[in-house]
Every structure is written in C-alpha cells, then in structure tokens.
$ cat data_16.txt   # compact mmCIF, C-alpha atoms
# COMPACT_ATOMS: atom_id res chain seq x y z
CA MET A 1 108.98 63.54 11.14
CA ALA A 2 112.14 62.54 9.32
CA ASN A 3 113.13 59.01 10.20
CA LYS A 4 116.44 58.98 12.09
CA LEU A 5 116.23 55.36 13.15
CA TYR A 6 118.39 52.72 11.47
CA PRO A 7 118.53 48.99 12.21
CA ASP A 8 122.27 48.79 12.87
CA ALA A 9 125.65 50.49 12.48
CA ALA A 10 126.25 49.43 8.87
CA ALA A 11 122.86 50.76 7.79
CA ALA A 12 123.38 53.99 9.72
CA LEU A 13 126.70 54.60 7.94
CA ASP A 14 125.41 53.71 4.48
CA GLY A 15 126.24 56.40 1.91
CA LEU A 16 128.24 58.53 4.35
CA LEU A 17 131.74 57.10 3.96
CA PHE A 18 134.51 58.05 1.54
CA ASP A 19 138.28 57.61 1.58
CA GLY A 20 140.23 60.52 3.05
CA MET A 21 137.33 61.77 5.16
CA THR A 22 137.55 63.28 8.64
CA ILE A 23 135.75 61.46 11.45
CA MET A 24 135.27 62.57 15.05
CA SER A 25 134.89 59.67 17.46
CA GLY A 26 133.61 60.17 21.01
CA GLY A 27 135.01 58.71 24.21
CA PHE A 28 137.71 59.13 26.84
CA GLY A 29 140.02 56.14 26.86
CA LEU A 30 137.61 53.28 26.22
CA CYS A 31 134.81 54.94 28.19
CA GLY A 32 131.85 56.09 26.09
CA ILE A 33 133.27 55.02 22.71
CA PRO A 34 130.93 54.12 19.82
CA GLU A 35 131.87 50.43 19.77
CA ASN A 36 129.38 49.33 17.11
CA LEU A 37 130.22 52.17 14.73
CA ILE A 38 133.97 51.58 15.00
CA THR A 39 133.43 47.91 14.16
CA ALA A 40 131.27 48.90 11.17
CA LEU A 41 133.91 51.38 9.95
CA ARG A 42 136.45 48.59 10.02
CA ALA A 43 134.16 46.31 8.04
CA SER A 44 133.47 49.08 5.50
CA GLY A 45 137.15 49.28 4.54
CA VAL A 46 137.05 53.10 4.29
CA LYS A 47 140.62 54.37 4.51
CA GLY A 48 142.91 57.37 4.61
CA LEU A 49 140.92 58.63 7.59
CA THR A 50 141.70 61.62 9.72
CA CYS A 51 140.37 60.69 13.16
CA ILE A 52 139.72 63.31 15.80
CA SER A 53 139.50 61.55 19.14
CA ASN A 54 140.94 62.27 22.57
CA ASN A 55 142.67 58.88 22.56
CA ALA A 56 143.49 56.18 20.02
CA GLY A 57 142.03 53.13 21.75
CA VAL A 58 144.16 50.17 22.77
CA ASP A 59 145.56 47.31 20.72
CA GLY A 60 142.58 45.38 19.40
CA PHE A 61 139.82 47.59 20.79
CA GLY A 62 138.36 51.01 20.16
CA LEU A 63 140.15 52.96 17.44
CA GLY A 64 142.96 50.42 17.78
CA LEU A 65 140.76 48.28 15.51
CA LEU A 66 141.11 50.83 12.68
CA LEU A 67 144.84 51.24 13.27
CA GLU A 68 145.36 47.49 12.86
CA THR A 69 143.81 47.65 9.41
CA ARG A 70 145.73 50.85 8.48
CA GLN A 71 142.51 52.75 7.84
CA ILE A 72 143.69 55.79 9.81
CA ALA A 73 146.22 58.11 8.15
CA ARG A 74 146.16 60.92 10.68
CA MET A 75 145.07 61.40 14.29
CA ILE A 76 144.27 64.54 16.25
CA SER A 77 144.39 63.55 19.93
CA SER A 78 145.58 64.66 23.36
CA TYR A 79 146.95 61.36 24.66
CA VAL A 80 147.75 58.10 22.88
CA GLY A 81 149.84 56.25 25.45
CA GLU A 82 148.02 52.94 25.56
CA ASN A 83 148.53 51.61 22.05
CA LYS A 84 151.62 49.70 20.82
CA GLU A 85 150.46 49.46 17.20
CA PHE A 86 149.93 53.22 17.21
CA GLU A 87 153.48 53.72 18.44
CA ARG A 88 154.89 51.36 15.80
CA GLN A 89 153.06 53.08 12.92
CA TYR A 90 153.94 56.53 14.19
CA LEU A 91 157.65 55.78 14.64
CA ALA A 92 157.69 54.14 11.17
CA GLY A 93 156.28 57.35 9.68
CA GLU A 94 153.09 55.60 8.54
CA LEU A 95 150.76 57.65 10.71
CA GLN A 96 150.53 61.41 11.13
CA LEU A 97 149.80 62.75 14.57
CA GLU A 98 148.74 66.14 15.86
CA PHE A 99 148.70 66.56 19.62
CA ASN A 100 146.32 69.08 21.14
CA PRO A 101 146.03 69.88 24.83
CA GLN A 102 142.88 68.11 26.00
CA GLY A 103 140.98 71.28 26.85
CA THR A 104 142.03 72.92 23.60
CA LEU A 105 140.82 69.87 21.69
CA ALA A 106 137.48 69.94 23.52
CA GLU A 107 137.07 73.66 22.87
CA ARG A 108 138.12 73.40 19.20
CA ILE A 109 135.34 70.87 18.71
CA ARG A 110 132.82 72.89 20.73
CA ALA A 111 133.74 75.99 18.72
CA GLY A 112 133.58 74.18 15.38
CA GLY A 113 130.12 72.88 16.15
CA ALA A 114 129.00 76.33 17.28
CA GLY A 115 130.15 78.05 14.08
CA ILE A 116 133.13 79.73 15.73
CA PRO A 117 136.21 79.49 13.46
CA GLY A 118 138.79 80.42 16.09
CA PHE A 119 139.35 81.44 19.71
CA TYR A 120 142.19 82.58 21.94
CA THR A 121 143.45 80.49 24.86
CA LYS A 122 146.36 80.74 27.26
CA THR A 123 146.80 76.96 27.22
CA GLY A 124 150.12 76.12 25.57
CA VAL A 125 151.60 79.63 25.54
CA GLY A 126 155.39 79.30 25.68
CA THR A 127 155.31 75.65 24.57
CA LEU A 128 155.68 73.74 21.28
CA VAL A 129 151.90 73.95 20.93
CA ALA A 130 152.17 77.71 20.36
CA ASP A 131 154.69 77.44 17.50
CA GLY A 132 153.43 79.21 14.40
CA LYS A 133 150.20 80.39 16.02
CA GLU A 134 149.05 83.98 16.31
CA HIS A 135 149.75 85.48 19.76
CA LYS A 136 147.64 88.24 21.21
CA ASP A 137 147.58 90.03 24.56
CA PHE A 138 144.36 90.61 26.48
CA ASN A 139 144.47 92.45 29.79
CA GLY A 140 148.23 91.97 30.05
CA GLU A 141 148.17 88.21 29.44
CA THR A 142 149.29 86.40 26.29
CA TYR A 143 146.96 84.04 24.44
CA ILE A 144 147.27 81.97 21.26
CA LEU A 145 144.79 81.53 18.45
CA GLU A 146 143.31 78.05 18.05
CA THR A 147 140.89 77.11 15.29
CA GLY A 148 137.52 75.39 15.46
CA LEU A 149 137.25 71.80 14.25
CA VAL A 150 134.50 70.21 12.18
CA ALA A 151 134.26 66.75 10.65
CA ASP A 152 132.59 65.05 7.70
CA LEU A 153 131.14 62.58 10.17
CA SER A 154 130.84 62.38 13.96
CA ILE A 155 130.23 59.04 15.63
CA VAL A 156 129.04 59.24 19.22
CA LYS A 157 127.80 56.91 21.93
CA ALA A 158 124.94 57.79 24.29
CA TRP A 159 123.03 55.90 26.95
CA LYS A 160 119.48 56.66 25.89
CA ALA A 161 117.83 58.33 22.91
CA ASP A 162 114.31 59.01 21.74
CA PRO A 163 113.34 58.71 18.07
CA HIS A 164 113.97 62.44 17.59
CA GLY A 165 117.65 61.97 18.38
CA ASN A 166 117.54 63.61 21.79
CA LEU A 167 120.41 62.04 23.73
CA VAL A 168 121.19 61.33 27.37
CA PHE A 169 124.67 60.23 28.38
CA ARG A 170 125.64 58.27 31.47
CA LYS A 171 128.25 59.33 34.05
CA THR A 172 131.78 59.91 32.66
CA ALA A 173 130.85 58.20 29.38
CA ARG A 174 129.66 61.66 28.30
CA ASN A 175 133.13 63.26 27.85
CA PHE A 176 133.72 64.36 24.22
CA ASN A 177 130.47 62.96 22.83
CA PRO A 178 128.21 66.04 23.20
CA MET A 179 130.60 68.45 21.44
CA MET A 180 131.38 65.98 18.69
CA ALA A 181 127.66 65.55 18.05
CA THR A 182 127.52 69.27 17.22
CA ALA A 183 130.62 69.33 15.00
CA GLY A 184 129.86 66.64 12.43
CA LYS A 185 128.34 67.51 9.05
CA VAL A 186 126.49 64.28 9.78
CA THR A 187 126.29 62.82 13.27
CA VAL A 188 125.47 59.17 13.87
CA ALA A 189 124.67 58.14 17.43
CA GLU A 190 124.60 54.64 18.85
CA VAL A 191 122.70 54.15 22.09
CA GLU A 192 122.09 51.43 24.64
CA GLU A 193 118.39 52.07 24.84
CA LEU A 194 115.79 53.69 22.61
CA VAL A 195 112.86 55.13 24.56
CA PRO A 196 109.53 56.44 23.23
CA ALA A 197 109.21 60.12 22.35
CA GLY A 198 108.09 62.05 25.39
CA SER A 199 109.64 59.70 27.94
CA LEU A 200 112.85 61.70 28.40
CA ASP A 201 112.41 64.74 30.64
CA PRO A 202 113.08 67.66 28.24
CA ASP A 203 114.99 69.38 31.05
CA HIS A 204 117.37 66.44 31.30
CA ILE A 205 118.37 66.04 27.65
CA HIS A 206 122.12 66.51 27.18
CA THR A 207 122.22 66.68 23.36
CA PRO A 208 119.15 68.03 21.54
CA GLY A 209 118.06 66.02 18.51
CA ILE A 210 118.95 68.74 16.00
CA PHE A 211 122.57 67.59 16.29
CA VAL A 212 121.82 63.94 15.52
CA GLN A 213 120.91 62.86 11.99
CA ARG A 214 120.99 59.10 12.36
CA LEU A 215 120.72 56.72 15.27
CA PHE A 216 120.47 53.05 16.17
CA VAL A 217 120.49 50.77 19.18
CA GLY A 218 123.92 49.17 19.61
CA THR A 219 124.48 45.57 20.58
CA ASN A 220 127.04 43.48 22.46
CA TYR A 221 128.58 46.36 24.42
CA GLU A 222 131.84 45.19 25.90
CA LYS A 223 132.64 48.43 27.77
CA ARG A 224 136.17 47.33 28.43
CA ILE A 225 137.79 48.76 31.58
CA GLU A 226 141.40 49.92 31.16
CA GLN A 227 142.40 50.24 34.81
CA ARG A 228 140.16 48.14 37.05
CA THR A 229 140.91 49.62 40.47
CA VAL A 230 139.14 48.57 43.67
CA ARG A 231 139.43 49.00 47.41
CA GLN A 232 139.16 46.31 50.08
CA LYS A 233 136.04 46.13 52.28
CA GLU A 234 138.18 45.98 55.46
CA GLN A 235 139.96 49.18 54.51
CA ALA A 236 136.74 51.19 54.51
CA MET B 1 163.87 62.45 53.50
CA TRP B 2 160.21 62.05 52.77
CA THR B 3 158.69 58.90 51.32
CA ARG B 4 156.13 59.20 48.52
CA ASP B 5 153.36 58.92 51.12
CA SER B 6 154.98 61.60 53.28
CA GLN B 7 155.27 63.88 50.26
CA ALA B 8 151.60 63.32 49.50
CA ALA B 9 150.70 63.96 53.15
CA ARG B 10 152.73 67.19 53.08
CA ALA B 11 150.92 68.28 49.91
CA ALA B 12 147.60 67.53 51.61
CA GLN B 13 148.48 70.20 54.22
CA GLU B 14 148.06 72.76 51.42
CA LEU B 15 144.38 71.83 50.96
CA GLN B 16 141.92 74.36 52.30
CA ASP B 17 138.32 73.83 53.31
CA GLY B 18 136.03 74.28 50.31
CA PHE B 19 138.73 73.86 47.67
CA TYR B 20 138.00 72.35 44.26
CA VAL B 21 141.09 70.28 43.45
CA ASN B 22 142.44 68.38 40.44
CA LEU B 23 144.98 65.66 41.23
CA GLY B 24 147.31 64.42 38.51
CA ILE B 25 148.11 60.79 37.76
CA GLY B 26 150.71 58.96 39.88
CA MET B 27 152.00 60.36 43.19
CA PRO B 28 149.46 63.24 43.25
CA THR B 29 146.65 60.66 43.42
CA LEU B 30 147.97 59.63 46.86
CA VAL B 31 147.12 63.08 48.24
CA ALA B 32 143.45 62.00 48.43
CA ASN B 33 144.46 59.53 51.20
CA PHE B 34 145.73 62.33 53.47
CA ILE B 35 143.03 65.01 53.36
CA PRO B 36 143.17 66.58 56.86
CA GLU B 37 140.31 66.11 59.31
CA GLY B 38 137.78 68.92 59.03
CA VAL B 39 138.93 69.98 55.57
CA ASP B 40 136.30 69.38 52.91
CA VAL B 41 137.56 69.35 49.34
CA THR B 42 135.86 68.39 46.08
CA LEU B 43 137.99 66.48 43.58
CA GLN B 44 137.65 67.33 39.89
CA SER B 45 138.47 64.75 37.22
CA GLU B 46 139.07 66.34 33.83
CA ASN B 47 137.24 63.61 31.91
CA GLY B 48 134.01 65.14 33.22
CA MET B 49 133.33 64.66 36.92
CA LEU B 50 133.22 66.88 39.97
CA GLY B 51 133.02 65.16 43.35
CA MET B 52 135.12 62.06 42.82
CA GLY B 53 134.63 59.29 45.38
CA PRO B 54 136.95 56.44 46.39
CA PHE B 55 137.69 53.35 44.29
CA PRO B 56 134.75 50.93 44.15
CA PHE B 57 134.57 47.66 46.05
CA ALA B 58 135.34 44.58 43.93
CA GLY B 59 132.29 43.67 41.89
CA GLU B 60 130.89 47.21 42.00
CA GLU B 61 133.04 48.68 39.19
CA ASP B 62 131.10 50.66 36.58
CA PRO B 63 132.79 50.97 33.17
CA ASP B 64 130.93 54.25 32.60
CA LEU B 65 132.55 55.74 35.70
CA ILE B 66 136.29 56.33 35.49
CA ASN B 67 138.77 59.04 36.44
CA ALA B 68 141.28 60.75 34.17
CA GLY B 69 143.76 57.92 34.83
CA LYS B 70 141.09 55.55 33.42
CA GLN B 71 140.70 53.92 36.85
CA THR B 72 137.29 52.80 38.06
CA ILE B 73 135.92 55.23 40.63
CA THR B 74 132.71 55.99 42.56
CA GLU B 75 130.41 58.96 42.93
CA LEU B 76 129.39 60.91 46.04
CA ASP B 77 126.19 62.72 47.00
CA ARG B 78 127.76 65.95 45.66
CA THR B 79 128.83 64.52 42.30
CA SER B 80 128.05 66.10 38.96
CA TYR B 81 128.96 64.92 35.46
CA PHE B 82 129.58 67.12 32.43
CA SER B 83 131.23 67.22 29.02
CA SER B 84 134.94 67.66 28.39
CA ALA B 85 134.22 71.21 27.17
CA ASP B 86 132.55 72.11 30.48
CA SER B 87 135.32 70.37 32.37
CA PHE B 88 137.98 72.53 30.76
CA ALA B 89 135.83 75.62 31.19
CA MET B 90 136.25 74.92 34.90
CA ILE B 91 140.00 74.42 34.49
CA ARG B 92 140.87 77.09 31.92
CA GLY B 93 138.37 79.53 33.39
CA GLY B 94 140.17 79.63 36.74
CA HIS B 95 137.41 77.95 38.74
CA VAL B 96 139.61 75.15 40.11
CA ASP B 97 141.54 76.24 43.21
CA LEU B 98 144.46 73.85 43.14
CA SER B 99 146.12 71.29 40.91
CA ILE B 100 148.79 68.89 42.14
CA LEU B 101 150.91 67.45 39.33
CA GLY B 102 154.02 65.42 38.73
CA ALA B 103 156.95 66.81 36.72
CA MET B 104 160.20 65.81 35.05
CA GLU B 105 161.67 69.30 35.50
CA VAL B 106 160.72 72.59 37.16
CA ALA B 107 162.73 75.78 36.59
CA ASP B 108 163.30 78.46 39.22
CA ASN B 109 161.12 80.84 37.19
CA GLY B 110 158.18 78.44 37.53
CA ASP B 111 158.45 76.76 34.12
CA ILE B 112 157.37 73.12 34.13
CA ALA B 113 158.17 70.22 31.79
CA ASN B 114 156.21 67.02 32.29
CA TRP B 115 154.98 65.67 28.97
CA MET B 116 157.72 64.95 26.48
CA ILE B 117 161.25 63.61 26.21
CA PRO B 118 162.72 64.23 22.74
CA GLY B 119 163.70 60.98 21.03
CA LYS B 120 161.23 58.93 23.04
CA MET B 121 157.70 58.06 21.99
CA VAL B 122 155.51 60.94 23.05
CA LYS B 123 152.23 59.90 24.60
CA GLY B 124 150.72 63.37 24.58
CA MET B 125 150.09 66.15 27.06
CA GLY B 126 146.52 65.16 27.92
CA GLY B 127 145.10 67.90 30.12
CA ALA B 128 148.38 69.00 31.70
CA MET B 129 148.87 72.18 29.62
CA ASP B 130 145.31 73.31 30.34
CA LEU B 131 145.69 72.63 34.05
CA VAL B 132 148.94 74.58 34.50
CA ALA B 133 147.59 77.47 32.40
CA GLY B 134 144.23 77.76 34.10
CA VAL B 135 144.20 76.49 37.68
CA LYS B 136 144.74 79.13 40.38
CA LYS B 137 147.54 77.34 42.24
CA ILE B 138 149.96 74.70 40.91
CA ILE B 139 151.84 72.36 43.23
CA VAL B 140 154.40 69.93 41.80
CA LEU B 141 155.11 66.66 43.59
CA MET B 142 158.34 65.09 42.35
CA GLU B 143 161.58 63.41 43.32
CA HIS B 144 164.22 66.04 44.00
CA ASN B 145 166.68 64.29 41.67
CA ALA B 146 166.31 62.14 38.58
CA LYS B 147 167.52 58.51 38.54
CA ASP B 148 170.92 59.68 37.21
CA GLY B 149 171.21 62.06 40.17
CA SER B 150 170.64 65.24 38.17
CA ALA B 151 168.63 68.01 39.79
CA LYS B 152 165.01 68.33 38.66
CA PHE B 153 164.62 71.87 40.09
CA LYS B 154 166.77 73.71 37.54
CA ARG B 155 167.90 77.12 36.36
CA ALA B 156 166.05 76.39 33.12
CA CYS B 157 164.11 73.40 31.85
CA THR B 158 165.89 71.37 29.17
CA LEU B 159 162.80 69.41 28.13
CA PRO B 160 159.90 70.87 26.10
CA LEU B 161 157.68 72.93 28.40
CA THR B 162 154.18 72.16 29.57
CA GLY B 163 153.72 75.72 30.80
CA ARG B 164 155.69 78.88 31.37
CA GLN B 165 156.12 80.44 34.84
CA VAL B 166 153.15 78.58 36.28
CA VAL B 167 154.44 76.57 39.27
CA ASP B 168 153.75 77.96 42.77
CA MET B 169 155.19 75.22 44.97
CA VAL B 170 157.44 72.18 44.69
CA ILE B 171 157.23 69.37 47.24
CA SER B 172 160.10 66.93 46.73
CA ASP B 173 161.45 64.14 48.89
CA LEU B 174 163.95 66.67 50.32
CA ALA B 175 162.13 69.97 50.76
CA VAL B 176 159.25 72.33 50.12
CA LEU B 177 160.05 75.29 47.88
CA ALA B 178 157.42 77.91 47.20
CA ARG B 179 156.90 81.43 45.97
CA PRO B 180 154.21 83.86 47.09
CA ALA B 181 153.33 85.05 43.58
CA LYS B 182 154.10 84.37 39.92
CA GLY B 183 157.32 86.22 39.14
CA ALA B 184 158.64 86.04 42.71
CA PRO B 185 161.66 83.85 43.50
CA PHE B 186 161.22 80.44 45.12
CA LYS B 187 162.00 80.27 48.83
CA LEU B 188 162.81 77.32 51.07
CA ILE B 189 159.75 76.67 53.23
CA GLU B 190 160.62 73.38 54.88
CA LEU B 191 163.30 70.69 54.89
CA ALA B 192 162.34 67.02 55.10
CA PRO B 193 163.48 65.26 58.30
CA GLY B 194 167.17 64.41 58.20
CA VAL B 195 167.92 66.78 55.32
CA ASP B 196 170.17 69.78 55.96
CA LEU B 197 170.54 72.92 53.90
CA GLU B 198 173.97 71.96 52.55
CA THR B 199 172.61 68.65 51.23
CA LEU B 200 169.66 70.42 49.63
CA LYS B 201 171.89 73.00 47.97
CA ALA B 202 174.26 70.33 46.70
CA ARG B 203 171.38 68.45 45.10
CA THR B 204 169.62 71.49 43.63
CA GLU B 205 170.51 73.43 40.47
CA GLY B 206 167.83 76.11 40.46
CA HIS B 207 168.02 79.21 42.62
CA PHE B 208 165.99 79.47 45.82
CA GLU B 209 166.07 81.86 48.74
CA VAL B 210 166.61 80.63 52.26

$ encode --input "data_16.txt" --output "structure tokens"
Amino acid sequence: MANKLYPDAAAALDGLLFDGMTIMSGGFGLCGIPENLITALRASGVKGLTCISNNAGVDGFGLGLLLETRQIARMISSYVGENKEFERQYLAGELQLEFNPQGTLAERIRAGGAGIPGFYTKTGVGTLVADGKEHKDFNGETYILETGLVADLSIVKAWKADPHGNLVFRKTARNFNPMMATAGKVTVAEVEELVPAGSLDPDHIHTPGIFVQRLFVGTNYEKRIEQRTVRQKEQA
Amino acid sequence: MWTRDSQAARAAQELQDGFYVNLGIGMPTLVANFIPEGVDVTLQSENGMLGMGPFPFAGEEDPDLINAGKQTITELDRTSYFSSADSFAMIRGGHVDLSILGAMEVADNGDIANWMIPGKMVKGMGGAMDLVAGVKKIIVLMEHNAKDGSAKFKRACTLPLTGRQVVDMVISDLAVLARPAKGAPFKLIELAPGVDLETLKARTEGHFEV
C-alpha cells in the first residue's frame, strides 16, 4: 500500500507548492477549515495564489492568515463579509475576486472533480452572474452554462481517517470538504483522529480514499466560533 | 403596523404541515419562533443540515454544528448532515417547499434584489441566488419602506438582481401582497392593523391589485 501518512502539515505539503497555483480550501465560515494546512501555507511563503473557498476567513484566522501576508492574489467565493483586510485589499485593487452563487460554486467543484467540464443551471439567470455566459432553454425554462472547477491542490479537514485516506466528517463541518477532495490534482487531508484500517464502517465513509493522496493528524484545533448563540434554560 | 415579530408570526401562518423550509438570515430567522401548533416543519440550513434544532444552552455549543448564519445550533432526532453539493441539490432541484428571505427591493413582476449595492463593498450573494431560483415558494419579509422613506416594492428594481420573477409573496410591516402564480400580478391579501389602503398606496411604488 502506498503510504499516505505524513507527520505534519509541512511534510504533507512538501513538493506540492508553487507560486501562482490554485488551491481549494474546505470549510463554511470557520467551520471545518483545514487549520493546520492554512498555517503551513503561510509559513511556506507560497504566493500569487488563487484560492477557491466559500468564504475568506476572518481577520487573523482561517484564510485571513494568507490575506494578511498577501499570499492570495485571487479568490473565488460566495460570501466574504467577515473580513476587513479582505475588504481593504479588494477596494485597493490588490485582490481579484470572483463571486459565485454558493450552490453554483459547490456544483462547479463537484462537476470538476467528476470530470464534467460544464453544466446548465437556472441559478443566476437574469442577474450579473449570467453576463457573458451561454444561455440555453430546456423545457421552456432558461439556464446558463457554468464550468467545472479543478485545483492544483485541495486542502480539506475531516474528523476521522484511516490510513487508506477514507474520510468521515462531523456534522456541518462537512460542507465543501467532500467535493473539494475530489477536485484537487492532489488532495491533502488533515484529520482530528487517525483510526486503524478496518475500524471505519465502509458504509459510513463519506469520502473514499481514492480522492485523498496525503493525510496527517492535525494538532491544536482552535475551531473558532463566529456567532456563539445560546438560549436560556428558563426559556425552554 | 406590524412589528418584526408580528411580521415573522404572519409569515409563520404560511407554513404547512410537512414542509421543508429554508429561513434566511435576519428577520426570517424569527419565523422559527412562531411555528403554529400542530404544524410540523423541517428547517434546512444550506451549509449542510436538514432538521435544524434550537440554539444550544450555554456551555453546550459545538463548533462543528452551525447554521448558515454561522450561529451555533443543535440537532434533532430527524437531523441529517450532508455536503454543500447535496444541500444545493435539495435547493436547486426543487425539493425545498418554502424559503423566507429578506430583500432590499422587490419589483411587481417578482424580481428581487438583496445582495449588492453598487459603490458599497459587496459581501457576496451566498446561497440567495440558488434559493430564489430553485425553491418552490419564495416569501420576502422586509420593511415596506427604506430608511429614506422610498418604497421597496417597486415597478422595477434599481439594484442588481438576485433573481428574476421569483417572488410569490411579500410580508412587510404594512401589508401582505401575494400572487397565485409566477407571471400573475400581485394582489393585496391583508393590511396590518391600523393601516388603511390609502396609506399603503401612498407608500408603495409597485402595482398591486386590490
């Protein structure tokens, strides 16, 4: 069996990085982001990155760490509202930005990973998103052509993995991670727990190991919460 | 006039037993507090959850369990989790019965604008364009007039659109306007307490039938 296990994020990224590359990074907000890999990308100094990620982190955490160091040249995202440094760089013309509707972004990644170069969707018809795109009618409704997305590298975060790279995600930390795992020329996964081969129920594996080339157990997970919201005991 | 809570409560009257529902961020979130007795609905959160429970008690927050507004949330005995691709298959594929959203402008042909003001920093459309394009019924909860007094239900949207001819019902602080089908004109369904037709007309730009 090919060894997919690496001791840490830096080792798992060794030999994969080059300036100007495209990287997909999993997560929704700060939930399910590959914290260790983002930190290692920052330390590597790789720059001119195109990052495909639903969001852009916050100031000082998540992809915000790579914005601070100006390593990101271009983002493809659906929502970037939580990041002041992002806003500053964008308004100063230092950062390119392509907005995709969230479902279109998810499907572009799913399609890219599945070898599908394009698909038609009704999302965005009649809006700025449709500008310059092929329109086509099916059954009396208008759709636009969107293209599949692939990346030089996908970095994803899972809950558990076995040494074969089979991944299990936890709750809403799954989000964009499974599709991104399929759409990277190389996919590196960081996980909270490595379990022995055979201990994951094969029926319960979310991402089969064929999509994961390298993996390691992450450390010091902060799992920052953006909007801590609670209810009072009395109210229930 | 209706308060925000009254608007949310009025929107909750549109929920039907068995509905799968996606609630937008802001005022639409309040609708979950007014689900009528005997009506069982399942809330979808587009970040990958079906069967969203209430906010957790203090100390029981789980950072791996958030809603689309990035708020901590809880699960129920019906809950399932899935990827963003599966989530938008539900939305785009027409499997979600109802979405309740906020808006900056709605036109009387059903156009909606709720994601971008030219000249201001644009945060992105998130899942809004997918929701209005794919969900079976779209209800907008909004103030009837903007802070400068201008009507938000207009002849035509002036802001960049989120979707074209997609809105089925508008519930504002003044009235409920709805249309029976895409392409049909909006009709006045209900006036908020203390609001008369003349007031509504004076504060509305878009066409509606009475």

$ residues_around --input "data_16.txt" --residues "B:Thr199" --least-positions-apart "5" --cutoff "12 Å" --atoms "only C-alpha atoms" --output "list of chain:residue names"
B:Met1, B:His144, B:Leu174, B:Ala175, B:Leu191, B:Ala192, B:Gly194, B:Thr204, B:Glu205

$ closest_atom_pairs --input "data_16.txt" --of "chain B" --to "chain A" --cutoff "6 Å" --atoms "all atoms listed in the file" --output "CSV"
residue,atom,partner,partner_atom,distance
B:Asn47,CA,A:Asn175,CA,5.8
B:Gly48,CA,A:Thr172,CA,5.7
B:Phe55,CA,A:Val230,CA,5.0
B:Pro56,CA,A:Val230,CA,5.0
B:Phe57,CA,A:Arg231,CA,5.2
B:Ala58,CA,A:Val230,CA,5.5
B:Pro63,CA,A:Ile225,CA,5.7
B:Asp64,CA,A:Ala173,CA,5.1
B:Leu65,CA,A:Thr172,CA,5.2
B:Lys70,CA,A:Gln227,CA,5.6
B:Gln71,CA,A:Gln227,CA,4.5
B:Thr72,CA,A:Thr229,CA,5.4
B:Tyr81,CA,A:Lys171,CA,5.8
B:Ser83,CA,A:Asn175,CA,4.5
B:Ser84,CA,A:Asn175,CA,4.8
B:Ala85,CA,A:Ala106,CA,5.1
B:Phe88,CA,A:Gly103,CA,5.1
B:Lys123,CA,A:Gly81,CA,4.4
B:Gly124,CA,A:Tyr79,CA,4.3
B:Met125,CA,A:Pro101,CA,5.9
B:Gly126,CA,A:Ser78,CA,4.7
B:Gly127,CA,A:Gln102,CA,4.7
B:Met129,CA,A:Thr123,CA,5.7
B:Asp130,CA,A:Thr123,CA,5.0
B:Ala133,CA,A:Thr123,CA,5.3
B:Leu161,CA,A:Thr127,CA,5.3
B:Arg164,CA,A:Gly126,CA,5.7

$ residues_near_point --input "data_16.txt" --point "(119.3, 64.9, 25.4)" --cutoff "10 Å" --atoms "all atoms listed in the file" --output "list in words"
Ala158, Trp159, Lys160, Ala161, Asp162, His164, Gly165, Asn166, Leu167, Val168, Phe169, Pro178, Leu200, Asp201, Pro202, Asp203, His204, Ile205, His206, Thr207, Pro208 and Gly209 of chain A

$ atom_distance --input "data_16.txt" --atom1 "atom CA of A:Ile33" --atom2 "atom CA of B:Pro54"
24.0 Å

$ atom_distance --input "data_16.txt" --atom1 "atom CA of B:Ala178" --atom2 "atom CA of B:Lys137"
11.1 Å

$ atom_distance --input "data_16.txt" --atom1 "atom CA of B:Lys187" --atom2 "atom CA of B:His207"
8.7 Å

$ closest_residue --input "data_16.txt" --among "B:Ala89, B:Glu209, B:Ser172, B:His95" --to "B:Pro28" --atoms "all atoms listed in the file"
B:Ser172

$ closest_residue --input "data_16.txt" --among "A:Asp152, A:Asp8, A:Asp14, A:Asp59" --to "A:Thr187" --atoms "only C-alpha atoms"
A:Asp152

$ residues_near_point --input "data_16.txt" --point "(139.2, 70.8, 9.2)" --cutoff "7 Å" --atoms "all atoms listed in the file" --output "count of residues only"
3

$ closest_residue --input "data_16.txt" --among "B:Gly134, B:Pro36, B:Gly51, B:Gly110" --to "B:Phe153" --atoms "only C-alpha atoms"
B:Gly110

$ residues_around --input "data_16.txt" --residues "B:Asn22" --least-positions-apart "5" --cutoff "9 Å" --atoms "all atoms listed in the file" --output "list in words"
Thr42, Leu43, Gln44, Ser45, Glu46, Ile91, Val96, Asp97, Leu98, Ser99, Ile100, Leu101, Leu131 and Val135 of chain B

$ closest_residue --input "data_16.txt" --among "B:Met49, B:Ile117, B:Gln16, B:Glu143" --to "B:Ile73" --atoms "only C-alpha atoms"
B:Met49

$ residues_around --input "data_16.txt" --residues "B:Asn33" --least-positions-apart "3" --cutoff "10 Å" --atoms "all atoms listed in the file" --output "list of chain:residue names"
B:Asp5, B:Ala8, B:Ala9, B:Ala12, B:Thr29, B:Leu30, B:Pro36, B:Pro54

$ residues_around --input "data_16.txt" --residues "B:Lys182" --least-positions-apart "6" --cutoff "10 Å" --atoms "all atoms listed in the file" --output "list in words"
Asn109, Gly110, Lys137, Gln165, Val166, Val167 and Asp168 of chain B

$ residues_around --input "data_16.txt" --residues "A:Thr39" --least-positions-apart "6" --cutoff "10 Å" --atoms "only C-alpha atoms" --output "VMD selection string"
chain A and resid 9 to 10 61 to 63 65 to 66

$ decode --input "data_16.txt" --residues "stretch 101-111 of chain B" --atoms "N, CA and C atoms" --output "short mmCIF file (atom, residue, chain, number, x, y, z; two decimals), in the first residue's frame"
data_model
loop_
_atom_site.label_atom_id
_atom_site.label_comp_id
_atom_site.auth_asym_id
_atom_site.auth_seq_id
_atom_site.Cartn_x
_atom_site.Cartn_y
_atom_site.Cartn_z
N LEU B 101 -37.02 34.98 2.87
CA LEU B 101 -35.79 35.77 2.71
C LEU B 101 -36.05 37.24 3.00
N GLY B 102 -34.99 37.96 3.29
CA GLY B 102 -35.07 39.41 3.34
C GLY B 102 -34.79 39.98 1.96
N ALA B 103 -35.06 41.28 1.77
CA ALA B 103 -34.78 41.91 0.48
C ALA B 103 -34.59 43.40 0.65
N MET B 104 -33.81 43.97 -0.25
CA MET B 104 -33.69 45.44 -0.33
C MET B 104 -34.79 45.99 -1.23
N GLU B 105 -35.09 45.26 -2.32
CA GLU B 105 -36.13 45.67 -3.25
C GLU B 105 -36.83 44.44 -3.83
N VAL B 106 -38.15 44.58 -4.05
CA VAL B 106 -38.90 43.58 -4.82
C VAL B 106 -39.69 44.36 -5.87
N ALA B 107 -39.71 43.86 -7.11
CA ALA B 107 -40.48 44.51 -8.16
C ALA B 107 -41.83 43.82 -8.32
N ASP B 108 -42.78 44.52 -8.94
CA ASP B 108 -44.14 43.96 -9.04
C ASP B 108 -44.23 42.84 -10.08
N ASN B 109 -43.10 42.53 -10.74
CA ASN B 109 -43.06 41.32 -11.59
C ASN B 109 -42.38 40.16 -10.86
N GLY B 110 -42.06 40.36 -9.58
CA GLY B 110 -41.45 39.28 -8.80
C GLY B 110 -39.93 39.29 -8.77
N ASP B 111 -39.30 40.26 -9.43
CA ASP B 111 -37.84 40.38 -9.34
C ASP B 111 -37.45 40.71 -7.90
#
